[in-house]
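Report on the structure given below.
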Amino acid sequence: MQSDEGHADFDATKITRPDPALFRYYVLSSLLTGPLTPFVLIPLWCRYITLRYKFDDSGVSMRWGVLFRREVYLTYRRLQDIHLTRNILQRWMGLAKISLQTASGSSQAEGVIEGVLEAEELRDFLYSKMRGAKDTTTTANSSGHPEDQARATAALEDIRDALQELVRQSAAPDQPASEPGDQS
Amino acid sequence: MILVPEKAILRASQWCYRGIWGLFTQYMLVPDVPPSLSGADDQQVTAFRPADGFLSYLKLFFWIGLFLFDGIVFILWIVLLVNAWKIGLILTPLIWAIMIIPDIVAYIAIHLRYDTTWYVLSDRSMRMRRGIWIIHETTITYENIQNISIRQGPIQRHFGITDVVVDTAGGGATGKHGESQTVLGHSGLLEGVSNSEEIRSLLLTKWQDSRSGGLGDETDTDHPSASGFTTEQVGLLEDVRNLAVRLVSR
């Protein structure tokens, strides 16, 4: 309900698997390496068949790997910058690579999303969840006037005094602590 | 020898370039329009290219390189002609091709580089696009920018352009490869812009309005309770007080 302008039909939570076009791209790009093709293609194939994405309300998790498994979880709010990269092969196949950076020490991207055909929509979705993309600070600024603070403090003090008096009055007659549930 | 008027050459080269540009946008799928910023509460989106001076700046280095490279090749060709004129004559077309074709390619590449570079600024984020074969698009919100550095060399000063680099938190952005690393690191590069002062003042006002450190801290946005009660809450508290006081006085 936060990003319902423009592309309302795009739903990031439906993205779980990379598109088959990604595998075709892997095959083509590994063929470009010539004799090294099998050595390049097999890890990429393993990555492709095990790659899973999960977009939820607060972040995205991606996991892959057959022997050595990896899972990366990134929170939308902690994204620092989003890079959308497409080389000419990826453009022809309608693919793109979205690199997500958090404030960690490495210059490499912490999360790389590949094989999504609606890459621009996904990028805009991620961008709308980033810090600073939405106007949320104004509500925080509007509250907390000093006069309201003073009134609240005075009211609280009065409540405390009144309740103390109430306790003393109810304790003075015969049965002490007859109704402890009222003040809990 | 027929002298071709300068205007005709200009028009013809522009026409050629438009054809190449059309080829790139149609078959290489280079986007023809500036990137947009959508999905968030963006207002006042402005898209611009590097300043015209950036083109002149690139072309200056192009001409320097051309004279150095072609000069060396030309001298070699003359030496070859003098010493072994038969081989020299046979190799003449090849040598002239080596002298001319890279220049044309480089000149076109400069224009393509200029035409594919876009910077988009909105009131809350910036997006940079660059690249011909590999197109990079970087999106950074102002909230996440840690610092801005403005660089200008003497030749850039002559052309009135500056390089603006904005950095986000995190390290390892500018490594040993310099600029090529900057493209994908924790930073964004606005190369050859003439309005660096505007960008800087825009960022300064954003930082003054912002109340966070730009490190993903969420206390500034989602939890207004730290700053106190609303008027509504105060009214509620006063009601409770009145009730309690009435209870006491009864």
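Lettering and numbering for the structure tokens are positional, with chains as A, B, ... in the shown order, residues counted from 1 in each chain, and ligands counted from 1 in the shown order.
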
Q.
Residues of range 4-92 of chain A classed as alpha helix (DSSP H) by DSSP on the backbone are to be reported as a PyMOL selection string.
A. chain A and resi 20-31+37-50+88-92

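Considering the residues B:Leu189, B:Leu121, B:Ala51, B:Ile145 and counting only C-alpha atoms, Leu204 in chain B has its shortest atom-to-atom contact with B:Ile145.
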
If the cut-off is 6 Å, can you tell me the residues of chain A near chain B, counting only C-alpha atoms? I'd like them as a PDB file with C-alpha atoms, in the first residue's frame.
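New file part_10.pdb:
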```pdb
ATOM      1  CA  SER A   3       4.003   2.187  -3.519  1.00  0.00           C
ATOM      2  CA  ARG A  77      15.803   0.469   5.220  1.00  0.00           C
ATOM      3  CA  ARG A  78      19.511  -0.226   5.388  1.00  0.00           C
ATOM      4  CA  GLN A  80      22.654   2.623   0.878  1.00  0.00           C
ATOM      5  CA  ASP A  81      22.623   2.639  -2.893  1.00  0.00           C
ATOM      6  CA  ILE A  82      21.008   0.634  -5.644  1.00  0.00           C
ATOM      7  CA  HIS A  83      22.805  -0.094  -8.896  1.00  0.00           C
ATOM      8  CA  LEU A  84      21.040  -1.330 -11.960  1.00  0.00           C
ATOM      9  CA  THR A  85      23.519  -2.675 -14.499  1.00  0.00           C
ATOM     10  CA  ARG A  86      22.713  -4.115 -17.874  1.00  0.00           C
ATOM     11  CA  ASN A  87      25.249  -5.035 -20.508  1.00  0.00           C
ATOM     12  CA  ILE A  88      24.314  -5.430 -24.120  1.00  0.00           C
ATOM     13  CA  ALA A 103      26.985   0.332   4.761  1.00  0.00           C
ATOM     14  CA  SER A 104      29.469  -2.492   5.063  1.00  0.00           C
ATOM     15  CA  GLY A 105      33.159  -2.284   4.496  1.00  0.00           C
ATOM     16  CA  SER A 106      33.439  -4.004   1.172  1.00  0.00           C
ATOM     17  CA  SER A 107      33.051  -2.310  -2.145  1.00  0.00           C
ATOM     18  CA  ASP A 124      11.771   1.411  -8.074  1.00  0.00           C
ATOM     19  CA  SER A 128      10.643   3.428  -2.506  1.00  0.00           C
ATOM     20  CA  GLY A 132      14.749   9.048   2.704  1.00  0.00           C
ATOM     21  CA  ALA A 133      12.581   8.065  -0.210  1.00  0.00           C
ATOM     22  CA  LYS A 134       9.368   8.625   1.677  1.00  0.00           C
ATOM     23  CA  THR A 136       8.043  10.164   7.191  1.00  0.00           C
ATOM     24  CA  THR A 137       9.915  12.686   9.290  1.00  0.00           C
ATOM     25  CA  ALA A 140       7.636  13.093  14.099  1.00  0.00           C
ATOM     26  CA  SER A 143       4.439  16.298  17.933  1.00  0.00           C
ATOM     27  CA  GLY A 144       5.991  17.302  21.209  1.00  0.00           C
ATOM     28  CA  ALA A 152       1.104  16.340  30.378  1.00  0.00           C
ATOM     29  CA  ALA A 155      -1.644  16.054  34.678  1.00  0.00           C
ATOM     30  CA  ILE A 159      -2.987  11.697  38.927  1.00  0.00           C
ATOM     31  CA  ALA A 162      -4.843  11.723  43.660  1.00  0.00           C
ATOM     32  CA  LEU A 166      -7.134   7.310  47.264  1.00  0.00           C
TER      33      LEU A 166
END
```

Q: Take CA of Phe67 in chain B and CA of Leu190 in chain B and report the distance between them in Å, one decimal.
A: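 Taking CA of Phe67 in chain B and CA of Leu190 in chain B, their separation equals 29.1 Å.
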
Q | Leu55 in chain B surroundings by only C-alpha atoms, 10 Å radius, close-in-sequence under 3 positions cut, as number ranges by chain | A | B: 50-52, 58-60, 110-111, 113-115, 159, 192

Q.
Env of range 13-24 of chain A: 12 Å cut, atoms = only C-alpha atoms, seq-sep filter 6 positions within chain, self excluded. Answer as a PyMOL selection string.
A. chain A and resi 30-31+41-64+89-97+112-119+121-122+125-126

Q.
When you count only C-alpha atoms, which of these residues is closest to Val165 in chain B: B:Asp103, B:Glu198, B:Glu191, B:Asp70?
A. B:Glu191

Q: List every residue of range 17-178 of chain A that DSSP, applied to the backbone of this structure, places in strand (DSSP E or B), and write the result as a VMD selection string.
A: chain A and resid 52 to 55 59 to 64 70 to 75 81 to 86 97 to 101 111 to 114

**Q.** Who sits within 9 Å of Trp77 in chain B, only C-alpha atoms, same chain under 4 positions skipped, as a PyMOL selection string
**A.** chain B and resi 72-73+81-82+88+91-92+95

Q) What does the distance from CA of Val72 in chain A to CA of Leu100 in chain A come to in Å, to one decimal? A)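 Straight-line distance from CA of Val72 in chain A to CA of Leu100 in chain A works out to 11.2 Å.
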
**Q.** Distance criterion (only C-alpha atoms): nearest to Arg131 in chain A out of A:Ala150, A:Val167, A:Ala109, A:Leu79
**A.**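 Among the listed residues, the smallest separation from Arg131 in chain A belongs to A:Leu79.
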